[in-house]
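First comes the structure, then the notes that go with it.
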Amino acid sequence: MTYCEEDFFKEYLKMMANIIVLNALICISLVFWIVSMTASTLRPISPWRWLFSILVPLTIATQGFKKKSLDHSGALGGLVVGFILTVANYSFFTSLFVFFVTSSKLTKWKKDIKKQIDSEYKEGGQRNWLQVLCNGGVPTELAILYMIENGPGEIPIDFSKQYTASWMCLSLLGALACSAGDTWASEIGSVMSKSKPRLITTWEKVPVGTNGAITFVGLLSSLLGGMVVGIAYFITQLIFVTDLEVSAPQWPIIVFGAAAGLLGSIVDSYLGATMQYSGFDQNTGMVVNHQTKDSKHISGKPILDNNAVNLFSSIIIALVFPGMAWCFWPRR
């Protein structure tokens, strides 16, 4: 097979993958629609929600691919995640959208500096399907469980009236806020902090880029990142939820998002410091995530990679934080 034939074959496979995924999404959405219209336990899906859930995530994934925020596999994975979250709840969609847009912008921000300190920096910060799965997998599963429990649509978070659905909503918000907080901390703290980062487990000063290293700027950024996701969720609630006047106050969503972003970043840092290898490569002058003959060990054991750390952090926050929120959530 010649080079031109091989290149054509790869492009053909990509085109077929796009067609298969898009057709699968249309079929799945039609199934959701038919089932919701015929099953009395589910809230019917309107044609407009169905159309919005296809076209908007498709547009965002396409733009993300064109701007190199996502590679081909990441765009397809993001399309699936975006569709499921959008058809389930518009508040889920806006939270995911804000996380994706801000994270993509921050990853490209001051990229020349990041190239000098990050040995694995990709041009444009391209995310592949695995990164999409580790950041969006937990929210996607929770969105499916939410639809099984409550059906598609927006509801107020009110533990006294809809305990299980409210728990799932806060779990999903916590997972997204955790991912946003970690990304904001990494992308802003690494280039804006004037002080040298400290390892979260020993408080020793370590090189920039060390897994598990924290700075005040990074922690503040993680809080703001989670807060922005919470604000997006809160504003969407105000627009689409119709019975807010008889439900519990929704403003704690913003506080919850900020706290999930901060604590998620701390959990991520602890896992990174203990279960992710960090070493200083003498040749490149950068921190590396795998052992080489020229690297000097800084911290952590080679148990998890960065994607696995992100996944476990979001799982922990999604499991623990709604219970904490339930204790303090105001009741009407």
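Going through the structure tokens in order, the chains are called A, B, and so on, while each chain numbers its residues from 1 and the ligands are numbered from 1 in the order shown.
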
- Task: Considering only C-alpha atoms, return as a VMD selection string whatever protein or nucleic-acid residues lie within 12 Å of A:Thr86, sequence-local ones (same chain, fewer than 5 positions apart) excluded.
- Result: chain A and resid 29 45 48 to 58 78 to 81 91 to 97 139 to 140 143 to 144 147 152 to 154

Please write the residues from the selection above to a file, keeping N, CA and C atoms, as a compact mmCIF listing (two decimals), in the first residue's frame.
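Ended up saving to selection.txt:
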```txt
# COMPACT_ATOMS: atom_id res chain seq x y z
N SER A 29 -31.12 8.82 20.55
CA SER A 29 -32.02 9.92 20.92
C SER A 29 -33.46 9.59 20.53
N ILE A 45 -39.72 13.71 26.10
CA ILE A 45 -38.69 14.55 25.52
C ILE A 45 -39.30 15.31 24.35
N TRP A 48 -37.77 19.64 20.32
CA TRP A 48 -36.76 20.69 20.38
C TRP A 48 -35.59 20.29 21.26
N ARG A 49 -35.85 19.62 22.37
CA ARG A 49 -34.76 19.14 23.22
C ARG A 49 -33.94 18.09 22.48
N TRP A 50 -34.64 17.22 21.80
CA TRP A 50 -33.96 16.18 21.02
C TRP A 50 -33.05 16.81 19.97
N LEU A 51 -33.56 17.81 19.24
CA LEU A 51 -32.78 18.47 18.19
C LEU A 51 -31.61 19.25 18.78
N PHE A 52 -31.86 19.98 19.87
CA PHE A 52 -30.82 20.76 20.54
C PHE A 52 -29.69 19.84 21.03
N SER A 53 -30.06 18.68 21.56
CA SER A 53 -29.08 17.75 22.13
C SER A 53 -28.17 17.14 21.07
N ILE A 54 -28.62 17.15 19.82
CA ILE A 54 -27.79 16.65 18.73
C ILE A 54 -26.94 17.77 18.13
N LEU A 55 -27.60 18.86 17.76
CA LEU A 55 -26.93 19.89 16.97
C LEU A 55 -25.91 20.69 17.77
N VAL A 56 -26.25 21.06 19.00
CA VAL A 56 -25.33 21.91 19.77
C VAL A 56 -24.04 21.16 20.16
N PRO A 57 -24.12 19.94 20.75
CA PRO A 57 -22.87 19.22 21.02
C PRO A 57 -22.08 18.93 19.75
N LEU A 58 -22.78 18.66 18.63
CA LEU A 58 -22.08 18.42 17.37
C LEU A 58 -21.30 19.66 16.94
N GLY A 78 -16.38 13.51 23.05
CA GLY A 78 -17.07 14.69 23.56
C GLY A 78 -18.48 14.82 23.02
N LEU A 79 -18.69 14.38 21.78
CA LEU A 79 -20.03 14.41 21.19
C LEU A 79 -20.99 13.50 21.95
N VAL A 80 -20.51 12.32 22.31
CA VAL A 80 -21.35 11.38 23.07
C VAL A 80 -21.66 11.93 24.45
N VAL A 81 -20.63 12.40 25.14
CA VAL A 81 -20.81 12.96 26.49
C VAL A 81 -21.75 14.16 26.44
N SER A 91 -28.98 22.17 32.64
CA SER A 91 -28.00 22.63 33.64
C SER A 91 -26.74 21.79 33.57
N PHE A 92 -26.88 20.50 33.26
CA PHE A 92 -25.71 19.64 33.06
C PHE A 92 -24.91 20.14 31.86
N PHE A 93 -25.64 20.48 30.78
CA PHE A 93 -24.98 20.92 29.55
C PHE A 93 -24.18 22.20 29.77
N THR A 94 -24.79 23.21 30.40
CA THR A 94 -24.08 24.48 30.58
C THR A 94 -22.86 24.31 31.48
N SER A 95 -22.97 23.46 32.49
CA SER A 95 -21.81 23.20 33.36
C SER A 95 -20.67 22.56 32.57
N LEU A 96 -21.02 21.57 31.75
CA LEU A 96 -20.02 20.91 30.90
C LEU A 96 -19.44 21.90 29.90
N PHE A 97 -20.28 22.73 29.30
CA PHE A 97 -19.84 23.69 28.30
C PHE A 97 -18.85 24.69 28.90
N PRO A 139 -19.73 12.12 35.00
CA PRO A 139 -20.94 12.88 34.73
C PRO A 139 -21.89 12.18 33.76
N THR A 140 -21.34 11.49 32.76
CA THR A 140 -22.19 10.79 31.79
C THR A 140 -22.99 9.68 32.46
N ALA A 143 -25.67 11.21 34.55
CA ALA A 143 -26.76 11.75 33.74
C ALA A 143 -27.71 10.65 33.30
N ILE A 144 -27.16 9.49 32.96
CA ILE A 144 -28.01 8.35 32.58
C ILE A 144 -28.84 7.88 33.77
N MET A 147 -31.68 10.28 34.35
CA MET A 147 -32.80 10.10 33.44
C MET A 147 -33.63 8.88 33.80
N PRO A 152 -35.78 13.02 31.54
CA PRO A 152 -35.10 14.24 31.08
C PRO A 152 -35.83 15.49 31.54
N GLY A 153 -35.08 16.51 31.88
CA GLY A 153 -35.67 17.78 32.29
C GLY A 153 -34.97 18.37 33.48
N GLU A 154 -35.26 19.63 33.75
CA GLU A 154 -34.61 20.37 34.82
C GLU A 154 -35.47 20.34 36.09
```

- Contacts of stretch 278-286 of chain A at 10 Å or less, counting only C-alpha atoms, minus same-chain residues fewer than 5 places along, as a list in words?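 Residues meeting the cut-off are Lys115, Gln116, Ile117, Asp118, Ser119, Glu120, Val206, Pro207, Val208, Gly209, Thr210, Asn211, Gly212, Gly272, Ala273, Gln291, Thr292, Lys293, Asp294, Ser295, Lys296, His297, Ile298, Ser299, Gly300, Lys301 and Pro302 of chain A.
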
Could those selected residues go to a file with N, CA, C and O atoms, as a tab-separated table (two decimals), in the first residue's frame?
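Output (selection05.tsv):
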```tsv
chain	number	residue	atom	x	y	z
A	115	LYS	N	5.32	25.11	27.47
A	115	LYS	CA	6.17	24.20	26.71
A	115	LYS	C	7.53	23.99	27.39
A	115	LYS	O	8.15	22.94	27.24
A	116	GLN	N	7.95	25.00	28.14
A	116	GLN	CA	9.26	24.93	28.78
A	116	GLN	C	9.24	24.16	30.09
A	116	GLN	O	10.29	23.76	30.60
A	117	ILE	N	8.05	23.97	30.67
A	117	ILE	CA	7.97	23.31	31.97
A	117	ILE	C	7.19	22.00	31.93
A	117	ILE	O	7.25	21.21	32.88
A	118	ASP	N	6.47	21.73	30.82
A	118	ASP	CA	5.66	20.52	30.71
A	118	ASP	C	6.20	19.66	29.59
A	118	ASP	O	6.10	20.02	28.41
A	119	SER	N	6.75	18.51	29.94
A	119	SER	CA	7.35	17.63	28.93
A	119	SER	C	6.31	16.98	28.03
A	119	SER	O	6.64	16.47	26.96
A	120	GLU	N	5.05	16.96	28.46
A	120	GLU	CA	4.00	16.30	27.68
A	120	GLU	C	2.99	17.29	27.12
A	120	GLU	O	1.86	16.91	26.77
A	206	VAL	N	9.36	22.03	45.46
A	206	VAL	CA	9.66	21.13	44.34
A	206	VAL	C	9.59	21.92	43.04
A	206	VAL	O	9.03	23.03	42.99
A	207	PRO	N	10.14	21.38	41.94
A	207	PRO	CA	10.09	22.10	40.65
A	207	PRO	C	8.66	22.26	40.14
A	207	PRO	O	7.77	21.46	40.45
A	208	VAL	N	8.45	23.29	39.34
A	208	VAL	CA	7.15	23.51	38.71
A	208	VAL	C	6.82	22.33	37.80
A	208	VAL	O	7.67	21.87	37.04
A	209	GLY	N	5.59	21.85	37.89
A	209	GLY	CA	5.16	20.70	37.08
A	209	GLY	C	5.17	19.39	37.83
A	209	GLY	O	4.74	18.37	37.28
A	210	THR	N	5.63	19.40	39.08
A	210	THR	CA	5.62	18.18	39.88
A	210	THR	C	4.19	17.79	40.24
A	210	THR	O	3.39	18.62	40.67
A	211	ASN	N	3.86	16.53	40.05
A	211	ASN	CA	2.53	16.04	40.41
A	211	ASN	C	2.33	16.13	41.92
A	211	ASN	O	3.17	15.68	42.69
A	212	GLY	N	1.24	16.73	42.33
A	212	GLY	CA	0.96	16.85	43.76
A	212	GLY	C	1.50	18.12	44.38
A	212	GLY	O	1.37	18.31	45.59
A	272	GLY	N	-1.82	12.57	43.16
A	272	GLY	CA	-0.67	12.77	42.29
A	272	GLY	C	0.65	12.69	43.02
A	272	GLY	O	1.64	12.17	42.49
A	273	ALA	N	0.68	13.18	44.27
A	273	ALA	CA	1.93	13.17	45.05
A	273	ALA	C	2.30	11.77	45.53
A	273	ALA	O	3.48	11.48	45.75
A	291	GLN	N	9.82	7.14	34.62
A	291	GLN	CA	11.23	7.03	34.99
A	291	GLN	C	12.09	6.87	33.75
A	291	GLN	O	11.80	6.08	32.86
A	292	THR	N	13.17	7.63	33.69
A	292	THR	CA	14.17	7.51	32.63
A	292	THR	C	15.54	7.36	33.27
A	292	THR	O	15.71	7.54	34.49
A	293	LYS	N	16.53	7.06	32.44
A	293	LYS	CA	17.87	6.85	32.98
A	293	LYS	C	18.49	8.14	33.50
A	293	LYS	O	19.41	8.11	34.32
A	294	ASP	N	17.97	9.28	33.04
A	294	ASP	CA	18.53	10.57	33.46
A	294	ASP	C	17.63	11.32	34.45
A	294	ASP	O	17.90	12.47	34.77
A	295	SER	N	16.58	10.66	34.92
A	295	SER	CA	15.64	11.35	35.81
A	295	SER	C	15.95	11.05	37.27
A	295	SER	O	16.34	9.93	37.63
A	296	LYS	N	15.76	12.06	38.09
A	296	LYS	CA	15.94	11.93	39.54
A	296	LYS	C	14.56	11.96	40.20
A	296	LYS	O	13.78	12.88	39.99
A	297	HIS	N	14.28	10.96	41.02
A	297	HIS	CA	12.97	10.83	41.63
A	297	HIS	C	12.66	12.01	42.56
A	297	HIS	O	13.49	12.42	43.36
A	298	ILE	N	11.44	12.55	42.41
A	298	ILE	CA	10.98	13.63	43.27
A	298	ILE	C	9.93	13.13	44.25
A	298	ILE	O	10.05	13.31	45.46
A	299	SER	N	8.91	12.48	43.72
A	299	SER	CA	7.81	12.02	44.57
A	299	SER	C	6.98	10.98	43.83
A	299	SER	O	7.05	10.86	42.60
A	300	GLY	N	6.17	10.24	44.60
A	300	GLY	CA	5.16	9.36	44.04
A	300	GLY	C	5.70	8.03	43.53
A	300	GLY	O	6.89	7.87	43.26
A	301	LYS	N	4.77	7.10	43.40
A	301	LYS	CA	5.06	5.78	42.84
A	301	LYS	C	4.34	5.64	41.51
A	301	LYS	O	3.24	6.18	41.33
A	302	PRO	N	4.91	4.89	40.56
A	302	PRO	CA	4.30	4.78	39.23
A	302	PRO	C	3.10	3.83	39.22
A	302	PRO	O	3.12	2.76	38.61
```

- Message: Report, in Å with one decimal, the straight-line distance from atom CA of A:Ala308 to atom CA of A:Lys194.
- Response: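 Going from atom CA of A:Ala308 over to atom CA of A:Lys194, I get 29.2 Å.
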
Spatial neighbours of stretch 247-251 of chain A, 6 Å, only C-alpha atoms, chain gap at least 3 places, as a PDB file with C-alpha atoms, in the first residue's frame:
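Saved result, selection-v4.pdb, follows:
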```pdb
ATOM      1  CA  ASP A 158     -34.320  20.022  46.949  1.00  0.00           C
ATOM      2  CA  LEU A 244     -38.241  27.602  42.215  1.00  0.00           C
ATOM      3  CA  ILE A 254     -22.452  28.310  43.629  1.00  0.00           C
ATOM      4  CA  ARG A 331     -34.803  23.411  53.549  1.00  0.00           C
ATOM      5  CA  ARG A 332     -37.990  25.288  52.812  1.00  0.00           C
TER       6      ARG A 332
END
```

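Distance annotation: of A:Val138, A:Ala213, A:Met275, A:Val132, the residue with the minimal separation from A:Ala175 is A:Val138; atom set is only C-alpha atoms.
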
- Message: Between atom CA of A:Glu149 and atom CA of A:Met168, what distance in Å does the model show, to one decimal?
- Response: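 Computing it gives 9.4 Å between the two atoms.
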
- Item | Separation of atom CA of A:Ala325 from atom CA of A:Pro252 in Å | 8.8 Å

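Distances here use only C-alpha atoms; by that measure, the residue among A:Gln162, A:Asn307, A:Gln131, A:Ser103 closest to A:Val229 is A:Ser103.
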
- Item | All strand (DSSP E or B) positions in stretch 67-297 of chain A, as a list in words |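 Going through stretch 67-297 of chain A, the strand (DSSP E or B) residues come out as Leu70, Asp118, Arg127, Arg198, Leu199, Lys205, Ala213, Ile214, Ser278, Gly279, Phe280, Asp281, Met286, Val287, Val288, Ser295, Lys296 and His297 of chain A.
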
Create the file for the chosen residues now, containing C-alpha atoms and written as a CSV table (one decimal), in the first residue's frame.
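New file again10.csv:
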```
chain,number,residue,atom,x,y,z
A,70,LEU,CA,-9.8,18.0,20.8
A,118,ASP,CA,5.7,20.5,30.7
A,127,ARG,CA,-7.6,16.1,24.5
A,198,ARG,CA,5.3,22.8,47.6
A,199,LEU,CA,4.5,19.1,47.7
A,205,LYS,CA,9.6,23.0,47.7
A,213,ALA,CA,2.6,20.3,44.1
A,214,ILE,CA,0.4,23.2,45.1
A,278,SER,CA,7.4,12.6,39.3
A,279,GLY,CA,11.1,12.9,38.4
A,280,PHE,CA,13.4,15.6,37.2
A,281,ASP,CA,15.1,14.9,33.9
A,286,MET,CA,11.8,19.3,33.0
A,287,VAL,CA,9.6,17.2,35.3
A,288,VAL,CA,8.7,13.9,33.7
A,295,SER,CA,15.6,11.3,35.8
A,296,LYS,CA,15.9,11.9,39.5
A,297,HIS,CA,13.0,10.8,41.6
```

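Each of A:Val87, A:Ile239, A:Cys134, A:Leu223 was compared to A:Pro156 using only C-alpha atoms, and A:Ile239 turns out to be the nearest.
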
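Distances from A:Gly151, A:Gly189, A:Gly261, A:Gly77 to A:Gly64 were compared using only C-alpha atoms, and the smallest one belongs to A:Gly77.
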
- Message: Need to verify the contact set: A:Lys105, 12 Å, only C-alpha atoms, exclusion of same-chain residues closer than 3 positions in sequence. Can you return it as a list in words?
- Response: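 Skipping anything fewer than 3 positions along the chain leaves Gly64, Lys67, Lys68, Ser69, Val98, Phe99, Phe100, Val101, Thr102, Lys108, Trp109, Lys110, Lys111, Gly124, Gly125, Gln126, Thr183, Trp184, Glu187 and Ile188 of chain A.
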
- Item | Minimum-distance residue to A:Ser313, chosen among A:Gly226, A:Gly257, A:Ser221, A:Asn135 (using only C-alpha atoms) |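 The closest residue to A:Ser313 is A:Asn135.
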
- Message: DSSP on the backbone, alpha helix (DSSP H) only: what residues of stretch 201-286 of chain A does that give? Format it as a ChimeraX atom specification.
- Response: /A:216-240,252-275
